[in-house]
file final16.txt (compact mmCIF, C-alpha atoms)
# COMPACT_ATOMS: atom_id res chain seq x y z
CA MET A 18 -30.84 -0.78 21.11
CA ASN A 19 -28.43 1.64 22.71
CA GLY A 20 -24.95 0.72 23.78
CA PRO A 21 -25.55 -0.19 27.44
CA ASP A 22 -28.47 -2.42 26.45
CA ILE A 23 -26.33 -4.28 23.92
CA LEU A 24 -23.58 -4.84 26.48
CA ALA A 25 -26.13 -5.88 29.12
CA ARG A 26 -27.79 -8.36 26.77
CA LEU A 27 -24.50 -9.97 25.80
CA THR A 28 -23.24 -10.05 29.38
CA GLU A 29 -26.47 -11.66 30.54
CA ARG A 30 -26.33 -14.32 27.81
CA PHE A 31 -22.59 -15.13 28.12
CA ASP A 32 -21.91 -14.56 31.76
CA ALA A 33 -18.79 -16.71 32.04
CA GLY A 34 -17.40 -15.75 28.65
CA VAL A 35 -17.48 -12.00 29.22
CA LEU A 36 -14.31 -10.75 30.87
CA ALA A 37 -14.89 -7.00 30.78
CA SER A 38 -17.03 -4.39 29.14
CA HIS A 39 -16.46 -0.78 28.37
CA GLY A 40 -19.15 1.70 27.43
CA GLU A 41 -18.97 5.15 26.02
CA PRO A 42 -21.51 6.66 23.66
CA GLY A 43 -20.84 5.16 20.26
CA ASP A 44 -17.85 3.21 21.52
CA ASP A 45 -19.18 0.17 23.34
CA ALA A 46 -16.79 -2.74 23.62
CA LEU A 47 -16.93 -6.18 25.14
CA LEU A 48 -13.89 -8.27 26.04
CA VAL A 49 -14.72 -11.96 25.82
CA SER A 50 -12.68 -15.11 26.25
CA LEU A 51 -11.33 -16.76 23.13
CA ALA A 52 -13.30 -19.92 23.91
CA ALA A 53 -16.58 -18.04 23.99
CA LEU A 54 -15.81 -15.92 20.92
CA PRO A 55 -17.49 -18.07 18.21
CA GLU A 56 -20.73 -18.33 20.15
CA VAL A 57 -20.75 -14.63 21.00
CA LEU A 58 -20.27 -13.69 17.35
CA ARG A 59 -22.96 -16.10 16.21
CA PHE A 60 -25.37 -14.77 18.82
CA CYS A 61 -24.59 -11.19 17.78
CA ARG A 62 -25.48 -12.00 14.21
CA ASP A 63 -28.55 -14.19 14.77
CA ASP A 64 -30.28 -12.70 17.82
CA ALA A 65 -33.37 -10.78 16.71
CA ALA A 66 -32.73 -7.85 19.03
CA LEU A 67 -29.07 -7.51 18.04
CA ARG A 68 -28.95 -8.59 14.37
CA PHE A 69 -25.36 -7.53 13.67
CA ASP A 70 -25.49 -8.48 10.01
CA MET A 71 -22.39 -6.55 8.97
CA LEU A 72 -18.77 -7.07 9.95
CA MET A 73 -17.37 -3.57 9.50
CA ASP A 74 -13.80 -4.43 10.39
CA LEU A 75 -11.70 -7.22 11.80
CA THR A 76 -8.27 -6.34 13.02
CA ALA A 77 -5.74 -7.11 15.76
CA VAL A 78 -3.55 -5.30 18.25
CA ASP A 79 -0.11 -6.29 19.49
CA TYR A 80 0.26 -5.25 23.14
CA LEU A 81 3.86 -6.49 23.44
CA THR A 82 5.28 -3.32 25.00
CA TYR A 83 2.06 -1.81 26.29
CA PRO A 84 2.43 -0.64 29.91
CA GLY A 85 0.26 -2.44 32.42
CA ARG A 86 -0.47 -5.43 30.22
CA GLU A 87 2.47 -7.64 31.16
CA GLU A 88 0.15 -10.41 32.45
CA ALA A 89 -2.52 -10.13 29.77
CA PRO A 90 -2.37 -12.00 26.44
CA ARG A 91 -0.06 -10.39 23.91
CA PHE A 92 -2.57 -10.04 21.07
CA GLU A 93 -6.19 -9.03 20.80
CA VAL A 94 -8.49 -9.60 17.86
CA VAL A 95 -11.10 -6.89 17.42
CA TYR A 96 -14.43 -7.24 15.61
CA HIS A 97 -16.36 -4.12 14.70
CA LEU A 98 -20.00 -5.06 14.18
CA TYR A 99 -22.80 -3.00 12.72
CA SER A 100 -26.49 -3.74 12.41
CA VAL A 101 -28.16 -2.36 9.30
CA PRO A 102 -31.77 -2.99 10.48
CA HIS A 103 -31.22 -1.58 14.00
CA ASN A 104 -28.50 0.99 13.22
CA HIS A 105 -26.34 0.13 16.21
CA ARG A 106 -22.76 -0.91 16.71
CA VAL A 107 -20.54 -2.85 19.09
CA ARG A 108 -16.94 -3.98 19.32
CA ILE A 109 -16.03 -7.49 20.40
CA LYS A 110 -12.46 -8.15 21.56
CA ALA A 111 -10.72 -11.33 22.60
CA GLY A 112 -7.19 -11.91 23.87
CA VAL A 113 -4.89 -14.29 21.99
CA GLU A 114 -1.83 -15.85 23.59
CA GLU A 115 1.54 -15.47 21.93
CA ASP A 116 2.69 -19.09 21.98
CA ASP A 117 -0.32 -20.47 20.12
CA PRO A 118 -2.00 -17.62 18.24
CA VAL A 119 -5.01 -19.42 16.78
CA VAL A 120 -8.42 -17.78 16.47
CA PRO A 121 -11.63 -19.47 15.28
CA THR A 122 -12.64 -18.21 11.86
CA ALA A 123 -15.64 -15.95 11.27
CA VAL A 124 -15.93 -16.72 7.55
CA PRO A 125 -19.13 -18.84 7.91
CA LEU A 126 -20.79 -15.91 9.70
CA TRP A 127 -19.64 -13.04 7.47
CA PRO A 128 -17.96 -13.84 4.14
CA ILE A 129 -16.01 -10.55 4.27
CA ALA A 130 -14.04 -12.07 7.15
CA ASN A 131 -12.19 -14.10 4.54
CA TRP A 132 -9.98 -11.21 3.37
CA LEU A 133 -9.95 -9.44 6.73
CA GLU A 134 -8.58 -12.55 8.41
CA ARG A 135 -6.03 -12.96 5.65
CA GLU A 136 -4.87 -9.40 6.32
CA VAL A 137 -4.58 -10.07 10.06
CA TRP A 138 -2.58 -13.22 9.29
CA ASP A 139 -0.37 -11.22 6.94
CA MET A 140 0.32 -8.37 9.34
CA PHE A 141 0.17 -10.01 12.79
CA GLY A 142 0.66 -13.72 12.20
CA LEU A 143 -2.52 -14.79 13.94
CA ARG A 144 -3.78 -18.03 12.40
CA PHE A 145 -7.49 -18.53 11.86
CA ALA A 146 -8.58 -22.11 12.40
CA GLU A 147 -10.57 -23.59 9.49
CA HIS A 148 -10.15 -20.52 7.33
CA PRO A 149 -10.74 -21.73 3.73
CA ASP A 150 -7.70 -20.02 2.18
CA LEU A 151 -5.26 -18.52 4.67
CA ARG A 152 -2.65 -16.85 2.44
CA ARG A 153 -1.00 -13.46 2.68
CA LEU A 154 -3.26 -10.71 1.38
CA LEU A 155 -1.10 -7.60 0.93
CA LEU A 156 2.50 -8.72 1.10
CA TYR A 157 4.30 -11.10 -1.22
CA GLU A 158 4.82 -14.79 -0.56
CA GLN A 159 8.57 -14.43 -0.08
CA PHE A 160 8.10 -12.05 2.86
CA GLU A 161 9.30 -13.48 6.16
CA GLY A 162 7.66 -12.51 9.42
CA HIS A 163 4.72 -10.24 10.14
CA PRO A 164 5.51 -6.52 9.95
CA LEU A 165 2.91 -5.06 12.33
CA ARG A 166 4.18 -7.15 15.22
CA LYS A 167 5.98 -4.90 17.66
CA ASP A 168 9.09 -7.08 17.55
CA TYR A 169 9.47 -6.76 13.76
CA PRO A 170 12.58 -4.57 13.35
CA VAL A 171 11.62 -1.12 12.09
CA SER A 172 14.51 -1.01 9.65
CA ARG A 173 14.19 -4.55 8.27
CA ARG A 174 13.60 -4.54 4.50
CA GLN A 175 12.86 -7.53 2.31
CA PRO A 176 13.10 -6.26 -1.27
CA LEU A 177 12.26 -8.59 -4.12
CA ILE A 178 14.81 -6.90 -6.41
CA GLY A 179 17.58 -4.44 -5.78
CA PRO A 180 19.94 -4.08 -2.82
CA ARG A 181 18.93 -5.03 0.70
CA ASN A 182 18.82 -1.50 2.06
CA MET B 24 39.32 16.85 -38.24
CA GLY B 25 37.72 14.96 -41.08
CA LEU B 26 34.46 15.66 -42.78
CA ALA B 27 32.78 12.70 -41.10
CA ASP B 28 33.49 14.02 -37.56
CA PHE B 29 32.03 17.42 -38.36
CA PHE B 30 28.98 15.82 -39.93
CA THR B 31 28.42 13.50 -36.94
CA THR B 32 28.50 16.36 -34.47
CA LYS B 33 25.89 18.33 -36.37
CA LEU B 34 23.67 15.25 -36.70
CA ASP B 35 23.96 14.76 -32.94
CA ALA B 36 22.80 18.30 -32.34
CA ALA B 37 19.90 17.94 -34.76
CA LEU B 38 18.81 14.64 -33.24
CA GLY B 39 19.09 16.04 -29.74
CA TRP B 40 16.96 19.02 -30.67
CA ALA B 41 14.35 16.71 -32.21
CA ARG B 42 14.33 14.30 -29.33
CA LYS B 43 14.03 16.87 -26.61
CA TYR B 44 10.82 18.21 -28.17
CA SER B 45 9.20 14.81 -28.79
CA ILE B 46 9.04 13.32 -25.31
CA PHE B 47 6.52 10.52 -25.19
CA GLN B 48 6.05 9.76 -21.50
CA TYR B 49 4.95 6.62 -19.80
CA PRO B 50 3.27 7.81 -16.57
CA PHE B 51 3.73 5.09 -13.94
CA VAL B 52 1.29 6.64 -11.47
CA THR B 53 0.91 4.83 -8.15
CA ALA B 54 -0.01 7.44 -5.56
CA CYS B 55 -1.09 10.97 -4.69
CA CYS B 56 1.62 12.62 -6.82
CA GLY B 57 -0.53 11.57 -9.76
CA MET B 58 -2.88 14.47 -9.00
CA GLU B 59 -0.06 16.95 -9.37
CA TYR B 60 1.11 15.17 -12.49
CA MET B 61 -2.37 15.60 -13.99
CA ALA B 62 -2.45 19.26 -12.98
CA THR B 63 0.86 19.76 -14.77
CA ALA B 64 -0.24 17.84 -17.84
CA CYS B 65 -3.52 19.74 -18.28
CA SER B 66 -4.03 23.04 -20.03
CA HIS B 67 -3.20 25.40 -17.16
CA TYR B 68 0.48 24.41 -17.04
CA ASP B 69 0.45 22.56 -20.37
CA VAL B 70 3.40 20.24 -20.87
CA ASP B 71 2.51 20.24 -24.56
CA ARG B 72 4.57 23.45 -24.79
CA PHE B 73 7.61 21.23 -24.20
CA GLY B 74 6.56 18.59 -26.69
CA ALA B 75 5.63 16.22 -23.86
CA GLY B 76 1.87 16.39 -24.26
CA LEU B 77 1.13 12.84 -25.36
CA PRO B 78 1.47 10.15 -22.70
CA ARG B 79 1.72 6.67 -24.16
CA PHE B 80 0.22 3.91 -22.06
CA SER B 81 2.46 1.29 -23.57
CA PRO B 82 6.12 1.21 -22.52
CA ARG B 83 7.08 0.12 -26.04
CA GLN B 84 5.98 3.50 -27.43
CA ALA B 85 7.48 5.65 -24.67
CA ASP B 86 10.78 7.52 -24.32
CA VAL B 87 10.57 8.78 -20.74
CA LEU B 88 9.38 6.79 -17.76
CA PHE B 89 7.69 9.10 -15.25
CA VAL B 90 7.61 7.25 -11.92
CA VAL B 91 4.94 9.18 -10.06
CA GLY B 92 4.29 8.03 -6.51
CA THR B 93 5.40 5.60 -3.84
CA ILE B 94 6.86 2.32 -5.07
CA SER B 95 6.43 -0.64 -2.74
CA HIS B 96 8.73 -3.65 -2.73
CA LYS B 97 5.87 -5.68 -4.16
CA MET B 98 5.56 -3.23 -7.06
CA ALA B 99 9.31 -2.97 -7.74
CA PRO B 100 9.59 -5.98 -10.12
CA VAL B 101 6.66 -4.60 -12.14
CA LEU B 102 8.34 -1.22 -12.47
CA ARG B 103 11.60 -2.84 -13.49
CA ARG B 104 9.78 -4.88 -16.13
CA VAL B 105 8.08 -1.77 -17.55
CA TYR B 106 11.51 -0.11 -17.76
CA ASP B 107 13.00 -3.15 -19.49
CA GLN B 108 10.20 -3.13 -22.08
CA MET B 109 10.93 0.45 -23.15
CA THR B 110 13.04 0.83 -26.26
CA GLU B 111 16.25 2.85 -26.42
CA PRO B 112 16.81 5.73 -26.13
CA LYS B 113 15.01 6.03 -22.79
CA TRP B 114 15.11 8.21 -19.71
CA VAL B 115 13.64 7.99 -16.22
CA VAL B 116 12.21 10.80 -14.09
CA ALA B 117 11.68 10.28 -10.35
CA PHE B 118 8.62 12.39 -9.59
CA GLY B 119 8.09 13.24 -5.92
CA VAL B 120 10.13 12.56 -2.82
CA CYS B 121 8.84 8.97 -2.43
CA THR B 122 10.46 7.93 -5.67
CA CYS B 123 13.61 9.94 -4.91
CA THR B 124 14.31 8.55 -1.44
CA GLY B 125 11.26 6.77 -0.11
CA GLY B 126 10.13 9.99 1.57
CA PHE B 127 8.65 9.58 5.00
CA TYR B 128 7.74 5.96 4.27
CA ASP B 129 10.74 4.61 6.13
CA ASN B 130 9.19 1.18 6.63
CA TYR B 131 9.10 -2.46 5.58
CA ALA B 132 6.92 -1.85 2.52
CA THR B 133 8.52 0.98 0.57
CA VAL B 134 11.45 1.08 -1.83
CA GLN B 135 13.91 3.65 -0.47
CA GLY B 136 14.40 5.48 -3.75
CA ILE B 137 13.79 3.99 -7.19
CA ASP B 138 17.44 4.54 -8.05
CA THR B 139 18.06 1.29 -6.16
CA ILE B 140 16.32 -0.56 -9.01
CA LEU B 141 16.52 1.78 -12.06
CA PRO B 142 18.93 4.38 -13.45
CA VAL B 143 17.32 7.78 -12.83
CA ASP B 144 18.04 10.85 -14.96
CA VAL B 145 16.10 13.62 -13.21
CA TYR B 146 14.89 13.83 -9.62
CA ILE B 147 11.94 16.12 -8.86
CA PRO B 148 11.59 16.38 -5.07
CA GLY B 149 8.51 17.64 -3.28
CA CYS B 150 5.53 16.12 -1.54
CA PRO B 151 4.01 16.54 -4.03
CA PRO B 152 6.15 18.79 -6.26
CA ARG B 153 4.53 21.99 -7.48
CA PRO B 154 3.80 22.04 -11.22
CA GLU B 155 6.51 24.68 -11.55
CA SER B 156 9.13 22.28 -10.22
CA VAL B 157 7.81 19.55 -12.52
CA LEU B 158 8.26 21.88 -15.49
CA ASP B 159 11.71 22.78 -14.20
CA GLY B 160 12.56 19.09 -14.03
CA LEU B 161 11.16 18.56 -17.50
CA MET B 162 13.35 21.35 -18.90
CA LYS B 163 16.39 19.90 -17.14
CA LEU B 164 15.57 16.59 -18.77
CA GLN B 165 15.34 18.35 -22.15
CA ASP B 166 18.77 19.87 -21.59
CA LYS B 167 20.13 16.46 -20.71
CA ILE B 168 18.57 14.85 -23.77
CA ALA B 169 19.92 17.57 -26.07
CA ALA B 170 23.39 17.58 -24.53
CA GLY B 171 23.90 13.84 -24.44
CA ARG B 172 25.51 11.74 -27.11
CA GLN B 173 22.80 10.60 -29.51
CA ARG B 174 22.65 6.96 -30.47
CA TYR B 175 20.89 6.05 -33.69
call {"tool": "encode", "arguments": {"input": "final16.txt", "output": "structure tokens"}}
result
Amino acid sequence: MNGPDILARLTERFDAGVLASHGEPGDDALLVSLAALPEVLRFCRDDAALRFDMLMDLTAVDYLTYPGREEAPRFEVVYHLYSVPHNHRVRIKAGVEEDDPVVPTAVPLWPIANWLEREVWDMFGLRFAEHPDLRRLLLYEQFEGHPLRKDYPVSRRQPLIGPRN
Amino acid sequence: MGLADFFTTKLDAALGWARKYSIFQYPFVTACCGMEYMATACSHYDVDRFGAGLPRFSPRQADVLFVVGTISHKMAPVLRRVYDQMTEPKWVVAFGVCTCTGGFYDNYATVQGIDTILPVDVYIPGCPPRPESVLDGLMKLQDKIAAGRQRY
């Protein structure tokens, strides 16, 4: 399937859950509501015409200071999906509110989500509900805060040994 | 001046000469500077000319700790432990600007200069340093080893 067909199929299936879509060749993205996200991901993986059997990347964006997004949720989780049998791609995005940043886990769908979600927790502080082992992935346990959040001070260091420079 | 003083001075000089030409390095290679380190160590530039041709991959057999590449705060206790395991006499070379000052990694993850956690003898700046500057640093280290007071 090409990009517009993928977006059309998902929009048709999840009419209420789809908030926006964006299509450019090779860069097709769908913004869905957080409530609809688990079903959208499951449909993407299991539908015969889509068959997104590979989670290429799972990451997040902090839009804290982004112009024009004052009303929108602060965070977005982004899923990059790829289908090996069909050789097509799509991005699924969902907004996450700041006061309760909880996202349903994708580990039952794609096992690689385990470490990707741990990295997002480490860097952005988004919790993944029912994740089997939500610990920091890259940073050390003593680290406080989440460094890729826009309100993490640029000059804040948390050394394990040595002076606090 | 007694005989013993004269004798000690000459022994110092002899030991310094021996030590500066038998540098057993421990390469602590964490990042891209490692490529330049390998280029320097191989036959084209040949650190064996300076008696530094045999890296030891155990800190207990090494004299000089070459810290080659960015050190993160998570890695810092490991580096400190490697340094503590080396036997005296020992020296430390900061290879590349990341180990000297943190380089352009002015962020939450990177140690801003390994001299905040270790005593450093020679700094070799550059991103990465050319093999010529590595050899220059190595010769400066040799001068320092030879000129210093020898403990035995």
call {"tool": "residues_near_point", "arguments": {"input": "final16.txt", "point": "(9.9, 23.6, -25.7)", "cutoff": "9 Å", "atoms": "all atoms listed in the file", "output": "number ranges by chain"}}
result
B: 43-44, 70-75, 162, 165
call {"tool": "closest_atom_pairs", "arguments": {"input": "final16.txt", "of": "segment 21-111 of chain A", "to": "segment 131-135 of chain A", "cutoff": "10 Å", "atoms": "only C-alpha atoms", "output": "tab-separated table"}}
result
residue	atom	partner	partner_atom	distance
A:Leu72	CA	A:Leu133	CA	9.7
A:Met73	CA	A:Leu133	CA	9.9
A:Asp74	CA	A:Leu133	CA	7.3
A:Leu75	CA	A:Leu133	CA	5.8
A:Thr76	CA	A:Leu133	CA	7.2
A:Ala77	CA	A:Glu134	CA	9.6
A:Val94	CA	A:Glu134	CA	9.9
call {"tool": "closest_atom_pairs", "arguments": {"input": "final16.txt", "of": "chain A", "to": "chain B", "cutoff": "9 Å", "atoms": "all atoms listed in the file", "output": "Markdown table"}}
result
| residue | atom | partner | partner_atom | distance |
| --- | --- | --- | --- | --- |
| A:Leu155 | CA | B:Lys97 | CA | 8.8 |
| A:Leu156 | CA | B:Lys97 | CA | 6.9 |
| A:Tyr157 | CA | B:Lys97 | CA | 6.4 |
| A:Pro164 | CA | B:Tyr131 | CA | 7.0 |
| A:Pro170 | CA | B:Tyr131 | CA | 8.8 |
| A:Val171 | CA | B:Asn130 | CA | 6.4 |
| A:Ser172 | CA | B:Asn130 | CA | 6.5 |
| A:Arg173 | CA | B:Tyr131 | CA | 6.1 |
| A:Arg174 | CA | B:Tyr131 | CA | 5.1 |
| A:Gln175 | CA | B:Tyr131 | CA | 7.1 |
| A:Pro176 | CA | B:His96 | CA | 5.3 |
| A:Leu177 | CA | B:His96 | CA | 6.2 |
| A:Ile178 | CA | B:Pro100 | CA | 6.5 |
| A:Gly179 | CA | B:Ile140 | CA | 5.2 |
| A:Pro180 | CA | B:Thr139 | CA | 6.6 |
| A:Asn182 | CA | B:Gln135 | CA | 7.6 |
call {"tool": "atom_distance", "arguments": {"input": "final16.txt", "atom1": "atom CA of Glu155 of chain B", "atom2": "atom CA of Gly136 of chain B"}}
result
22.2 Å
call {"tool": "atom_distance", "arguments": {"input": "final16.txt", "atom1": "atom CA of Arg83 of chain B", "atom2": "atom CA of Gly149 of chain B"}}
result
28.8 Å
call {"tool": "residues_around", "arguments": {"input": "final16.txt", "residues": "Val120 of chain A", "least_positions_apart": "3", "cutoff": "8 Å", "atoms": "all atoms listed in the file", "output": "PyMOL selection string"}}
result
chain A and resi 51+113+143-146
call {"tool": "closest_residue", "arguments": {"input": "final16.txt", "among": "B:Leu34, B:Val143, B:Val116, B:Val52", "to": "Val87 of chain B", "atoms": "all atoms listed in the file"}}
result
B:Val116
call {"tool": "closest_residue", "arguments": {"input": "final16.txt", "among": "B:Cys56, B:Ile94, B:Val101, B:Ala169", "to": "Ile147 of chain B", "atoms": "only C-alpha atoms"}}
result
B:Cys56
call {"tool": "closest_residue", "arguments": {"input": "final16.txt", "among": "A:Ser100, A:Thr122, A:Ser38, A:Asn19", "to": "Cys61 of chain A", "atoms": "all atoms listed in the file"}}
result
A:Ser100
call {"tool": "atom_distance", "arguments": {"input": "final16.txt", "atom1": "atom CA of Phe118 of chain B", "atom2": "atom CA of Arg42 of chain B"}}
result
20.6 Å
call {"tool": "residues_around", "arguments": {"input": "final16.txt", "residues": "Val35 of chain A", "least_positions_apart": "2", "cutoff": "9 Å", "atoms": "all atoms listed in the file", "output": "MDAnalysis selection string"}}
result
chainID A and resid 27:28 31:33 37:38 47:50 53
call {"tool": "closest_residue", "arguments": {"input": "final16.txt", "among": "A:Arg91, A:His103, A:Arg62, A:Arg152", "to": "Asp168 of chain A", "atoms": "all atoms listed in the file"}}
result
A:Arg91
call {"tool": "closest_residue", "arguments": {"input": "final16.txt", "among": "B:Val145, B:Pro112, B:Val105, B:Phe47", "to": "Val157 of chain B", "atoms": "only C-alpha atoms"}}
result
B:Val145
call {"tool": "axis_aligned_box", "arguments": {"input": "final16.txt", "around": "segment 147-161 of chain A", "padding_each_side": "8 Å", "output": "AutoDock Vina command-line options"}}
result
--center_x -0.7 --center_y -15.6 --center_z 4.1 --size_x 36.0 --size_y 32.0 --size_z 26.7
call {"tool": "closest_residue", "arguments": {"input": "final16.txt", "among": "B:Arg104, B:His67, B:Lys33, B:Arg174", "to": "Phe51 of chain B", "atoms": "only C-alpha atoms"}}
result
B:Arg104
